[in-house]
>>> print(open('query27.txt').read())   # compact mmCIF, C-alpha atoms
# COMPACT_ATOMS: atom_id res chain seq x y z
CA MET A 1 19.53 20.04 16.18
CA ALA A 2 17.63 16.81 16.43
CA ARG A 3 18.94 13.74 14.62
CA TYR A 4 15.54 12.80 13.14
CA LYS A 5 13.62 15.55 11.38
CA LEU A 6 10.08 14.68 10.40
CA HIS A 7 8.46 16.73 7.63
CA CYS A 8 4.81 16.65 8.65
CA PHE A 9 1.64 18.47 9.60
CA ALA A 10 -0.91 17.79 12.33
CA GLN A 11 -3.73 16.54 10.13
CA SER A 12 -1.63 13.89 8.35
CA GLY A 13 -2.24 10.49 9.84
CA ASN A 14 0.42 9.00 7.59
CA ALA A 15 2.91 11.39 9.21
CA TYR A 16 1.49 10.52 12.65
CA LYS A 17 2.50 6.88 12.15
CA VAL A 18 6.15 7.96 12.15
CA ALA A 19 5.78 10.77 14.71
CA LEU A 20 4.23 8.33 17.18
CA TYR A 21 7.03 5.85 16.56
CA LEU A 22 9.73 8.47 17.20
CA GLU A 23 7.96 9.69 20.34
CA LEU A 24 7.22 6.27 21.85
CA ALA A 25 10.76 5.08 21.04
CA GLY A 26 12.17 8.14 22.81
CA LEU A 27 14.31 9.14 19.83
CA ASP A 28 15.79 12.60 19.35
CA TRP A 29 13.36 14.09 16.83
CA GLU A 30 11.74 17.33 15.80
CA PRO A 31 8.99 18.22 13.37
CA VAL A 32 9.50 20.30 10.21
CA PHE A 33 6.16 21.93 9.48
CA ILE A 34 4.78 21.47 5.96
CA ASP A 35 1.91 23.89 5.40
CA PHE A 36 -0.20 21.58 3.25
CA PHE A 37 -3.39 23.58 3.63
CA ALA A 38 -1.73 26.83 2.54
CA GLY A 39 -1.83 25.57 -1.02
CA LYS A 40 -0.32 23.14 -3.42
CA ALA A 41 2.82 25.28 -3.76
CA THR A 42 4.37 23.17 -1.04
CA TYR A 43 4.05 20.14 -3.23
CA SER A 44 5.13 21.75 -6.45
CA GLY A 45 8.30 21.24 -8.48
CA PRO A 46 11.03 22.52 -6.14
CA TRP A 47 9.71 20.66 -3.10
CA ARG A 48 9.35 17.47 -5.10
CA GLU A 49 12.88 17.80 -6.43
CA SER A 50 14.55 18.43 -3.08
CA VAL A 51 12.37 16.49 -0.66
CA ASN A 52 9.98 13.91 -2.13
CA SER A 53 9.09 13.27 -5.76
CA MET A 54 5.89 11.57 -4.59
CA GLY A 55 4.64 14.90 -3.24
CA GLU A 56 3.61 13.50 0.13
CA VAL A 57 4.42 13.59 3.81
CA PRO A 58 5.78 12.02 5.90
CA VAL A 59 9.38 12.55 4.94
CA LEU A 60 11.99 11.57 7.51
CA GLU A 61 15.24 13.47 7.12
CA VAL A 62 18.23 11.75 8.71
CA ASP A 63 21.85 12.73 8.06
CA GLY A 64 20.73 14.62 4.98
CA VAL A 65 18.90 11.62 3.49
CA MET A 66 15.20 12.07 2.76
CA ARG A 67 13.07 8.98 3.33
CA SER A 68 9.42 8.74 2.37
CA GLN A 69 6.49 6.32 2.57
CA SER A 70 5.50 5.57 6.14
CA GLY A 71 5.75 1.80 5.68
CA ALA A 72 9.31 2.02 4.35
CA ILE A 73 10.29 4.54 7.06
CA LEU A 74 8.87 2.38 9.87
CA THR A 75 10.69 -0.66 8.48
CA TRP A 76 13.95 1.28 8.30
CA LEU A 77 13.54 2.65 11.84
CA ALA A 78 12.77 -0.82 13.21
CA ASP A 79 15.79 -2.28 11.40
CA THR A 80 18.17 0.44 12.56
CA THR A 81 16.97 1.13 16.13
CA GLY A 82 15.27 -2.12 17.13
CA HIS A 83 12.25 -0.34 18.61
CA PHE A 84 8.91 -1.94 17.72
CA ALA A 85 10.71 -4.36 15.40
CA PRO A 86 9.09 -7.65 14.41
CA PRO A 87 10.78 -10.31 16.58
CA ASP A 88 12.11 -12.58 13.80
CA ALA A 89 12.32 -13.04 10.03
CA ASP A 90 8.88 -14.63 9.71
CA ALA A 91 7.36 -11.80 11.70
CA ARG A 92 9.10 -9.33 9.47
CA TYR A 93 7.22 -10.60 6.42
CA GLU A 94 4.02 -10.77 8.45
CA ALA A 95 4.60 -7.11 9.36
CA LEU A 96 5.12 -6.18 5.72
CA ARG A 97 1.97 -8.08 4.79
CA TRP A 98 -0.15 -6.04 7.18
CA MET A 99 1.55 -2.74 6.35
CA PHE A 100 0.80 -3.28 2.66
CA PHE A 101 -2.80 -4.04 3.57
CA ASP A 102 -2.86 -0.92 5.71
CA ASN A 103 -1.53 1.32 2.95
CA HIS A 104 -3.81 -0.15 0.32
CA LYS A 105 -7.03 -0.46 2.32
CA PHE A 106 -7.15 0.20 6.06
CA THR A 107 -5.56 3.66 6.13
CA SER A 108 -6.09 4.65 2.52
CA TYR A 109 -9.86 4.56 2.23
CA LEU A 110 -10.50 6.13 5.63
CA ALA A 111 -7.90 8.86 5.14
CA THR A 112 -9.38 9.84 1.78
CA LEU A 113 -12.93 9.73 3.17
CA ARG A 114 -11.91 12.02 6.04
CA PHE A 115 -10.09 14.38 3.70
CA LEU A 116 -13.13 14.76 1.45
CA LEU A 117 -15.60 15.27 4.30
CA ALA A 118 -13.57 17.29 6.80
CA PHE A 119 -11.19 19.35 4.65
CA ALA A 120 -12.39 19.39 1.03
CA LYS A 121 -15.93 19.57 2.48
CA THR A 122 -17.58 17.77 -0.42
CA GLY A 123 -20.47 16.62 1.71
CA GLU A 124 -21.88 13.12 1.23
CA THR A 125 -21.36 11.96 -2.38
CA PRO A 126 -21.18 8.64 -4.27
CA VAL A 127 -17.42 8.81 -3.71
CA THR A 128 -17.65 9.15 0.08
CA ALA A 129 -20.20 6.31 0.18
CA PHE A 130 -17.84 4.15 -1.88
CA LEU A 131 -14.83 4.92 0.31
CA ARG A 132 -16.77 4.30 3.52
CA GLN A 133 -17.92 0.89 2.35
CA ARG A 134 -14.35 -0.06 1.45
CA ALA A 135 -12.98 1.27 4.74
CA LYS A 136 -15.60 -0.66 6.66
CA SER A 137 -14.60 -3.87 4.91
CA ALA A 138 -10.93 -3.28 5.79
CA TYR A 139 -11.88 -2.54 9.42
CA GLY A 140 -13.72 -5.87 9.55
CA ILE A 141 -10.61 -7.77 8.47
CA VAL A 142 -8.42 -6.17 11.14
CA GLU A 143 -11.22 -6.63 13.71
CA ALA A 144 -11.18 -10.39 13.05
CA HIS A 145 -7.39 -10.52 13.37
CA LEU A 146 -7.45 -8.66 16.70
CA ALA A 147 -10.18 -10.84 18.18
CA ASP A 148 -7.61 -13.01 19.94
CA ARG A 149 -4.49 -10.81 20.00
CA ALA A 150 -3.52 -7.74 22.01
CA PHE A 151 -1.53 -6.31 19.10
CA MET A 152 -1.24 -7.21 15.44
CA LEU A 153 1.84 -9.46 15.82
CA GLY A 154 0.87 -10.85 19.23
CA ASP A 155 1.50 -9.63 22.76
CA ALA A 156 3.72 -6.64 22.02
CA PRO A 157 3.12 -3.53 19.92
CA SER A 158 5.10 -3.30 16.69
CA ILE A 159 5.46 -1.11 13.64
CA VAL A 160 2.30 -2.75 12.27
CA ASP A 161 0.21 -1.27 15.07
CA LEU A 162 1.76 2.15 14.57
CA SER A 163 1.01 1.96 10.86
CA LEU A 164 -2.63 1.03 11.42
CA ALA A 165 -2.91 3.74 14.10
CA GLY A 166 -2.47 6.57 11.60
CA TYR A 167 -6.07 7.74 11.39
CA VAL A 168 -7.82 6.05 14.32
CA PHE A 169 -7.44 8.90 16.84
CA PHE A 170 -8.69 11.81 14.73
CA PRO A 171 -11.92 13.45 15.90
CA GLU A 172 -13.39 14.45 12.54
CA GLU A 173 -16.67 12.79 11.62
CA THR A 174 -16.40 10.18 8.84
CA GLY A 175 -19.56 8.18 9.35
CA LEU A 176 -17.48 5.16 10.32
CA SER A 177 -17.05 4.68 14.05
CA ILE A 178 -14.35 2.47 15.49
CA GLU A 179 -16.56 2.01 18.57
CA THR A 180 -18.69 -0.40 16.57
CA PHE A 181 -15.67 -2.74 16.23
CA PRO A 182 -15.03 -4.06 19.76
CA ALA A 183 -11.61 -5.63 19.19
CA LEU A 184 -10.33 -2.62 17.23
CA ASN A 185 -11.66 -0.30 19.90
CA ALA A 186 -9.93 -2.26 22.67
CA TRP A 187 -6.70 -2.27 20.64
CA ARG A 188 -6.93 1.50 20.22
CA GLU A 189 -7.24 1.87 24.00
CA ARG A 190 -4.15 -0.29 24.48
CA LEU A 191 -2.25 2.02 22.12
CA ARG A 192 -3.51 5.10 23.94
CA ALA A 193 -2.25 3.59 27.21
CA LEU A 194 1.34 3.13 25.96
CA PRO A 195 3.81 5.28 27.96
CA GLY A 196 4.44 8.50 26.06
CA TRP A 197 1.42 8.21 23.75
CA LYS A 198 0.24 11.53 22.35
CA HIS A 199 -2.62 12.59 20.13
CA PRO A 200 -1.63 13.64 16.57
CA TYR A 201 -2.84 17.20 17.20
CA GLU A 202 -0.51 17.39 20.19
CA LEU A 203 2.44 15.69 18.53
CA MET A 204 2.66 17.56 15.21
CA PRO A 205 2.38 21.26 14.29
CA GLY A 206 -0.45 22.97 12.43
CA HIS A 207 -3.55 22.42 14.56
CA PRO A 208 -6.02 24.04 14.69
CA LEU A 209 -6.30 25.19 11.09
CA PRO A 210 -6.68 28.94 10.61
CA ASP A 211 -10.15 30.03 9.53
CA ALA A 212 -10.53 29.54 5.81
CA MET B 1 4.17 -31.13 -7.70
CA ALA B 2 5.60 -27.66 -8.11
CA ARG B 3 7.41 -26.07 -5.19
CA TYR B 4 5.62 -22.70 -5.58
CA LYS B 5 1.85 -22.79 -5.84
CA LEU B 6 0.22 -19.49 -6.71
CA HIS B 7 -3.46 -19.05 -5.86
CA CYS B 8 -4.63 -16.72 -8.60
CA PHE B 9 -6.94 -15.97 -11.50
CA ALA B 10 -6.25 -14.44 -14.89
CA GLN B 11 -7.93 -11.08 -14.30
CA SER B 12 -6.00 -10.30 -11.09
CA GLY B 13 -3.13 -7.95 -11.76
CA ASN B 14 -2.01 -8.25 -8.17
CA ALA B 15 -1.61 -11.98 -8.74
CA TYR B 16 0.13 -11.27 -12.07
CA LYS B 17 2.89 -9.40 -10.23
CA VAL B 18 3.90 -12.66 -8.55
CA ALA B 19 3.13 -14.94 -11.52
CA LEU B 20 5.38 -12.83 -13.74
CA TYR B 21 8.15 -12.95 -11.13
CA LEU B 22 7.96 -16.76 -10.87
CA GLU B 23 7.93 -17.14 -14.66
CA LEU B 24 10.75 -14.69 -15.40
CA ALA B 25 12.87 -16.14 -12.59
CA GLY B 26 12.35 -19.63 -14.01
CA LEU B 27 11.12 -21.04 -10.72
CA ASP B 28 9.19 -24.28 -10.42
CA TRP B 29 5.63 -23.00 -10.03
CA GLU B 30 2.03 -23.79 -10.87
CA PRO B 31 -1.21 -21.84 -10.57
CA VAL B 32 -4.08 -22.82 -8.25
CA PHE B 33 -7.22 -21.41 -9.86
CA ILE B 34 -9.43 -19.28 -7.63
CA ASP B 35 -12.80 -18.77 -9.29
CA PHE B 36 -13.39 -15.21 -8.10
CA PHE B 37 -16.11 -14.43 -10.61
CA ALA B 38 -18.13 -17.52 -9.66
CA GLY B 39 -19.19 -15.73 -6.52
CA LYS B 40 -18.04 -14.52 -3.16
CA ALA B 41 -18.16 -18.07 -1.78
CA THR B 42 -14.49 -18.39 -2.62
CA TYR B 43 -13.73 -15.55 -0.26
CA SER B 44 -16.05 -16.60 2.54
CA GLY B 45 -15.23 -17.98 5.99
CA PRO B 46 -13.59 -21.33 5.23
CA TRP B 47 -11.29 -19.91 2.53
CA ARG B 48 -10.32 -17.01 4.75
CA GLU B 49 -9.56 -19.36 7.62
CA SER B 50 -7.41 -21.77 5.66
CA VAL B 51 -5.80 -19.55 3.02
CA ASN B 52 -5.97 -15.78 3.57
CA SER B 53 -7.89 -13.84 6.19
CA MET B 54 -7.63 -10.76 3.96
CA GLY B 55 -9.83 -12.47 1.37
CA GLU B 56 -7.56 -11.64 -1.54
CA VAL B 57 -5.28 -13.18 -4.13
CA PRO B 58 -2.42 -13.59 -4.70
CA VAL B 59 -1.54 -16.21 -2.14
CA LEU B 60 1.76 -18.00 -2.61
CA GLU B 61 1.81 -21.44 -1.02
CA VAL B 62 5.30 -22.77 -0.28
CA ASP B 63 6.02 -25.79 1.92
CA GLY B 64 2.52 -25.50 3.37
CA VAL B 65 2.93 -21.84 4.33
CA MET B 66 0.44 -19.38 2.85
CA ARG B 67 1.87 -15.96 2.01
CA SER B 68 -0.25 -13.03 0.90
CA GLN B 69 0.12 -9.40 -0.21
CA SER B 70 2.06 -9.10 -3.45
CA GLY B 71 4.57 -6.61 -1.98
CA ALA B 72 5.43 -8.92 0.91
CA ILE B 73 5.58 -11.96 -1.38
CA LEU B 74 7.89 -10.23 -3.87
CA THR B 75 10.16 -9.09 -1.02
CA TRP B 76 10.29 -12.63 0.36
CA LEU B 77 11.01 -14.13 -3.06
CA ALA B 78 13.79 -11.60 -3.72
CA ASP B 79 15.30 -12.27 -0.28
CA THR B 80 15.16 -16.04 -0.62
CA THR B 81 16.00 -16.56 -4.32
CA GLY B 82 17.98 -13.44 -5.23
CA HIS B 83 16.07 -12.91 -8.50
CA PHE B 84 15.08 -9.29 -9.15
CA ALA B 85 16.40 -8.33 -5.71
CA PRO B 86 17.38 -4.74 -4.94
CA PRO B 87 21.20 -4.65 -5.15
CA ASP B 88 21.93 -3.37 -1.63
CA ALA B 89 20.35 -2.26 1.66
CA ASP B 90 19.63 1.28 0.50
CA ALA B 91 17.98 -0.05 -2.64
CA ARG B 92 15.93 -2.39 -0.51
CA TYR B 93 14.27 0.54 1.27
CA GLU B 94 13.91 2.36 -2.02
CA ALA B 95 12.14 -0.73 -3.36
CA LEU B 96 9.81 -0.81 -0.38
CA ARG B 97 9.10 2.88 -0.82
CA TRP B 98 7.93 2.39 -4.39
CA MET B 99 6.04 -0.79 -3.64
CA PHE B 100 4.09 1.00 -0.91
CA PHE B 101 3.36 3.79 -3.37
CA ASP B 102 2.28 1.20 -5.91
CA ASN B 103 -0.09 -0.56 -3.52
CA HIS B 104 -1.58 2.68 -2.25
CA LYS B 105 -1.86 4.62 -5.49
CA PHE B 106 -0.40 3.32 -8.75
CA THR B 107 -1.97 -0.13 -8.81
CA SER B 108 -4.84 0.47 -6.42
CA TYR B 109 -6.77 3.22 -8.19
CA LEU B 110 -6.36 1.77 -11.67
CA ALA B 111 -7.26 -1.76 -10.55
CA THR B 112 -10.44 -0.56 -8.87
CA LEU B 113 -11.34 1.62 -11.85
CA ARG B 114 -10.91 -1.34 -14.21
CA PHE B 115 -12.92 -3.60 -11.92
CA LEU B 116 -15.86 -1.19 -11.83
CA LEU B 117 -15.87 -0.53 -15.56
CA ALA B 118 -14.97 -3.92 -17.02
CA PHE B 119 -16.38 -6.42 -14.52
CA ALA B 120 -18.94 -4.73 -12.24
CA LYS B 121 -19.98 -2.74 -15.33
CA THR B 122 -21.09 0.33 -13.43
CA GLY B 123 -20.54 2.60 -16.42
CA GLU B 124 -19.08 6.04 -15.88
CA THR B 125 -19.93 7.37 -12.39
CA PRO B 126 -18.54 9.95 -9.95
CA VAL B 127 -16.53 7.07 -8.43
CA THR B 128 -14.87 6.07 -11.71
CA ALA B 129 -14.07 9.73 -12.43
CA PHE B 130 -12.53 10.08 -8.99
CA LEU B 131 -10.45 6.90 -9.34
CA ARG B 132 -9.25 7.86 -12.83
CA GLN B 133 -8.06 11.25 -11.65
CA ARG B 134 -6.14 9.65 -8.77
CA ALA B 135 -4.66 6.97 -11.04
CA LYS B 136 -3.57 9.62 -13.51
CA SER B 137 -1.77 11.52 -10.77
CA ALA B 138 0.06 8.35 -9.69
CA TYR B 139 1.00 7.63 -13.30
CA GLY B 140 2.51 11.11 -13.56
CA ILE B 141 4.76 10.51 -10.57
CA VAL B 142 6.14 7.24 -11.96
CA GLU B 143 6.45 8.85 -15.41
CA ALA B 144 8.74 11.53 -13.94
CA HIS B 145 10.84 8.91 -12.14
CA LEU B 146 11.28 6.86 -15.33
CA ALA B 147 12.26 9.88 -17.44
CA ASP B 148 15.96 9.10 -16.95
CA ARG B 149 15.96 5.45 -15.91
CA ALA B 150 15.37 2.19 -17.79
CA PHE B 151 13.79 0.57 -14.73
CA MET B 152 12.63 1.89 -11.36
CA LEU B 153 15.87 1.17 -9.49
CA GLY B 154 18.18 1.93 -12.42
CA ASP B 155 19.51 -0.22 -15.25
CA ALA B 156 18.12 -3.58 -14.20
CA PRO B 157 14.55 -4.73 -13.61
CA SER B 158 13.64 -5.47 -9.98
CA ILE B 159 10.65 -6.44 -7.86
CA VAL B 160 9.54 -2.79 -8.04
CA ASP B 161 8.99 -3.03 -11.78
CA LEU B 162 7.10 -6.32 -11.40
CA SER B 163 4.89 -4.73 -8.74
CA LEU B 164 4.08 -1.71 -10.90
CA ALA B 165 3.48 -4.01 -13.89
CA GLY B 166 0.40 -5.60 -12.32
CA TYR B 167 -2.26 -3.84 -14.37
CA VAL B 168 -0.39 -2.21 -17.25
CA PHE B 169 -0.85 -5.03 -19.79
CA PHE B 170 -4.59 -5.60 -19.49
CA PRO B 171 -6.66 -4.75 -22.56
CA GLU B 172 -9.86 -3.56 -20.85
CA GLU B 173 -10.79 0.07 -21.45
CA THR B 174 -10.34 2.33 -18.40
CA GLY B 175 -10.20 5.75 -20.01
CA LEU B 176 -6.57 6.10 -18.93
CA SER B 177 -4.06 5.19 -21.61
CA ILE B 178 -0.45 4.44 -20.79
CA GLU B 179 0.43 5.51 -24.35
CA THR B 180 0.01 9.15 -23.24
CA PHE B 181 2.94 8.69 -20.79
CA PRO B 182 6.03 8.25 -22.99
CA ALA B 183 8.48 7.08 -20.31
CA LEU B 184 5.96 4.66 -18.81
CA ASN B 185 5.12 3.36 -22.24
CA ALA B 186 8.80 2.77 -23.07
CA TRP B 187 9.28 1.04 -19.71
CA ARG B 188 6.34 -1.23 -20.44
CA GLU B 189 7.93 -2.21 -23.75
CA ARG B 190 11.19 -3.01 -21.94
CA LEU B 191 9.26 -5.31 -19.60
CA ARG B 192 7.47 -6.96 -22.52
CA ALA B 193 10.86 -7.65 -24.12
CA LEU B 194 12.26 -9.51 -21.10
CA PRO B 195 13.03 -13.18 -21.95
CA GLY B 196 10.08 -15.30 -20.86
CA TRP B 197 7.59 -12.45 -20.51
CA LYS B 198 3.96 -13.53 -20.83
CA HIS B 199 0.67 -11.69 -20.80
CA PRO B 200 -1.47 -12.20 -17.67
CA TYR B 201 -4.19 -13.91 -19.69
CA GLU B 202 -1.62 -16.40 -20.93
CA LEU B 203 0.11 -16.90 -17.60
CA MET B 204 -2.84 -17.48 -15.26
CA PRO B 205 -6.04 -19.57 -15.60
CA GLY B 206 -9.58 -18.27 -16.00
CA HIS B 207 -9.56 -16.29 -19.24
CA PRO B 208 -11.81 -15.69 -21.06
CA LEU B 209 -14.66 -15.39 -18.58
CA PRO B 210 -17.71 -17.54 -19.34
CA ASP B 211 -20.71 -15.57 -20.58
CA ALA B 212 -22.53 -14.05 -17.63
>>> encode(input="query27.txt", output="C-alpha cells")
Amino acid sequence: MARYKLHCFAQSGNAYKVALYLELAGLDWEPVFIDFFAGKATYSGPWRESVNSMGEVPVLEVDGVMRSQSGAILTWLADTTGHFAPPDADARYEALRWMFFDNHKFTSYLATLRFLLAFAKTGETPVTAFLRQRAKSAYGIVEAHLADRAFMLGDAPSIVDLSLAGYVFFPEETGLSIETFPALNAWRERLRALPGWKHPYELMPGHPLPDA
Amino acid sequence: MARYKLHCFAQSGNAYKVALYLELAGLDWEPVFIDFFAGKATYSGPWRESVNSMGEVPVLEVDGVMRSQSGAILTWLADTTGHFAPPDADARYEALRWMFFDNHKFTSYLATLRFLLAFAKTGETPVTAFLRQRAKSAYGIVEAHLADRAFMLGDAPSIVDLSLAGYVFFPEETGLSIETFPALNAWRERLRALPGWKHPYELMPGHPLPDA
C-alpha cells in the first residue's frame, strides 16, 4: 500500500496540483477515486465527517491523517520532503503570498468558469462573463511576474508553480486562452518539459466521463 | 514613525484582517491611506511597481519590505511576534487549511457580493445571486466547525479567526445575514468582546465615503 493516498478525480485541477507534486517528486503514492460526478452523495454527511468537512478534494491521506486544501498540503509536503520547497524563509512567505493569490483568483475563477461551461453546461451567462473577466485579470498579474523569470520564485520550479498549474493543462473550452499570454504560455511549456510530467487525465482516475 | 505601516482603507475587509491583528496584539502600527474609491490610478503601474504587483491591499510595510496577501501577512506576523499563533506544527497546517478556505470561499464570495451591491451598485443580478449562494455554502461549513468550538483552532483566538473576521462586521446589506448562523453569530460576538476590538470603520481611514 502506498504511503501517500490522494483522494481525487481526473477533472479536479485542485487535486492535480498535489498529484503532479507527488509524481514529479517520485513519492510512493496512489489515487483514491472520488466519483464526484456520480452525485453529491460523495460529499454528504458521512464523507464530510470521515474525510473532509469542507466537502472538497484533494484530500491527502498519510498515516491515517486526512489533509485538505491544496495550498496547505503542498506546504506540508515541501516542509516534510524538501521537494519543490521555497529555498529560504523569505521565499516561504513569497510562496504563501502567491498560493493565496492562486486560490483566491488565478485558479478559483478559471476553475469555476470551466465547471459551469464544461460540466454544468450553463452556456454563456452573466456569471461566466464575470468569472472570465476576473480570471483574465489574474492571468495578467501572473503574466507580468513571469516576464523575467523562468518560474514563480526564480530559476527553479516550486510548489507555487504546481499550485498555479492546476487548471492550465485542461482541454475544455473556457473562452480564455493561455496562448494569448506569452510568458504564461512559455512557463506552461517549461512545466510540461519537467521529467515525469503527466497530464491530469493521465495522472488521476475518472476520465473520460461516462455518457450522461 | 510606527514600525508596522499598513496600506489600507476602511472598506477593505482583507485589510481589516491585518489591522485587527495589529491592534489586538498591541503592536506599534499606523495606517497608510489608499484612496481606492478615488479611481484605479492608485492601482496602476507605478503603485504596482513600488508597492504590490497584485494591485491589492492590504500591504504591510515593515523595515522597507512590502508584504501582501492577508493570509501570508498573518502567518508572518504570527511567526515573528507569537501573537495569535497556532500552538504547534499540526495547528499551523490546520491554520493554513482554513485560511486557504477563507481566501477562496468564505471571504472571497461575500466580499465580492458586498462590493457589487454596496459600492458598484449593480443591484440584484445573476452574478450577485451566484455569489450569495456560494457564500452561504461557505458559511455553512464554518458554522458546522464552530458548533463545538469557541474559536476555529479551539479555545483561543488565532490568525484563522482574524482572517475569517474580515467581512463579518460590515453593516452593508448583502442579503446574507450572519444572524441566521447561530454558531457563527456567537463566534462573532466572542471576537467583538476581545480587549481592544474595534470596528473596521473605526480602525482604518476613509469612512464615510464622500458623496459620489
>>> closest_atom_pairs(input="query27.txt", of="chain A", to="chain B", cutoff="7 Å", atoms="only C-alpha atoms", output="tab-separated table")
residue	atom	partner	partner_atom	distance
A:Met54	CA	B:Ile141	CA	6.2
A:Ser68	CA	B:Arg97	CA	6.7
A:Gln69	CA	B:Arg97	CA	5.5
A:Gly71	CA	B:Phe100	CA	6.8
A:Ala72	CA	B:Arg97	CA	5.2
A:Tyr93	CA	B:Ala72	CA	6.0
A:Leu96	CA	B:Ala72	CA	5.5
A:Arg97	CA	B:Ala72	CA	5.3
A:Phe100	CA	B:Phe100	CA	6.5
A:Asn103	CA	B:His104	CA	5.4
A:His104	CA	B:His104	CA	4.4
A:Ser108	CA	B:His104	CA	6.9
A:Pro126	CA	B:Pro126	CA	6.4
A:Val127	CA	B:Val127	CA	5.1
A:Ile141	CA	B:Met54	CA	6.2
>>> residues_near_point(input="query27.txt", point="(9.2, -4.7, 21.6)", cutoff="8 Å", atoms="all atoms listed in the file", output="short mmCIF file (atom, residue, chain, number, x, y, z; two decimals) with C-alpha atoms, in the frame of the given file")
data_model
loop_
_atom_site.label_atom_id
_atom_site.label_comp_id
_atom_site.auth_asym_id
_atom_site.auth_seq_id
_atom_site.Cartn_x
_atom_site.Cartn_y
_atom_site.Cartn_z
CA GLY A 82 15.27 -2.12 17.13
CA HIS A 83 12.25 -0.34 18.61
CA PHE A 84 8.91 -1.94 17.72
CA ALA A 85 10.71 -4.36 15.40
CA PRO A 86 9.09 -7.65 14.41
CA PRO A 87 10.78 -10.31 16.58
CA ALA A 156 3.72 -6.64 22.02
CA PRO A 157 3.12 -3.53 19.92
CA SER A 158 5.10 -3.30 16.69
#
>>> residues_near_point(input="query27.txt", point="(-6.6, -6.6, -19.5)", cutoff="10 Å", atoms="all atoms listed in the file", output="ChimeraX atom specification")
/B:10-13,114,118,167-174,199-201
>>> atom_distance(input="query27.txt", atom1="atom CA of Tyr139 of chain A", atom2="atom CA of Thr112 of chain A")
14.8 Å
>>> closest_residue(input="query27.txt", among="B:Val160, B:Leu77, B:Leu6, B:Leu20", to="Glu61 of chain B", atoms="all atoms listed in the file")
B:Leu6
>>> residues_around(input="query27.txt", residues="Asp28 of chain A", least_positions_apart="2", cutoff="7 Å", atoms="all atoms listed in the file", output="number ranges by chain")
A: 2-4, 26
>>> residues_around(input="query27.txt", residues="segment 182-188 of chain A", least_positions_apart="5", cutoff="7 Å", atoms="all atoms listed in the file", output="list in words")
Glu143, Leu146, Ala147, Ala150 and Phe151 of chain A
>>> write_last_selection(input="query27.txt", atoms="C-alpha atoms", output="PDB file, in the coordinates of the input")
ATOM      1  CA  GLU A 143     -11.220  -6.630  13.710  1.00  0.00           C
ATOM      2  CA  LEU A 146      -7.450  -8.660  16.700  1.00  0.00           C
ATOM      3  CA  ALA A 147     -10.180 -10.840  18.180  1.00  0.00           C
ATOM      4  CA  ALA A 150      -3.520  -7.740  22.010  1.00  0.00           C
ATOM      5  CA  PHE A 151      -1.530  -6.310  19.100  1.00  0.00           C
TER       6      PHE A 151
END
>>> atom_distance(input="query27.txt", atom1="atom CA of Trp47 of chain A", atom2="atom CA of Leu24 of chain A")
28.9 Å
>>> atom_distance(input="query27.txt", atom1="atom CA of Gly64 of chain B", atom2="atom CA of Asn52 of chain B")
12.9 Å
>>> residues_around(input="query27.txt", residues="Cys8 of chain B", least_positions_apart="3", cutoff="9 Å", atoms="only C-alpha atoms", output="ChimeraX atom specification")
/B:11-12,14-16,19,31-36,57-60,204-205
>>> axis_aligned_box(input="query27.txt", around="segment 196-204 of chain B", padding_each_side="6 Å", output="JSON")
{"center_x": 2.9, "center_y": -14.6, "center_z": -18.1, "size_x": 26.3, "size_y": 17.8, "size_z": 17.7}
>>> closest_residue(input="query27.txt", among="B:Val62, B:Ala25, B:Ala120, B:Ala193", to="Lys5 of chain B", atoms="all atoms listed in the file")
B:Val62
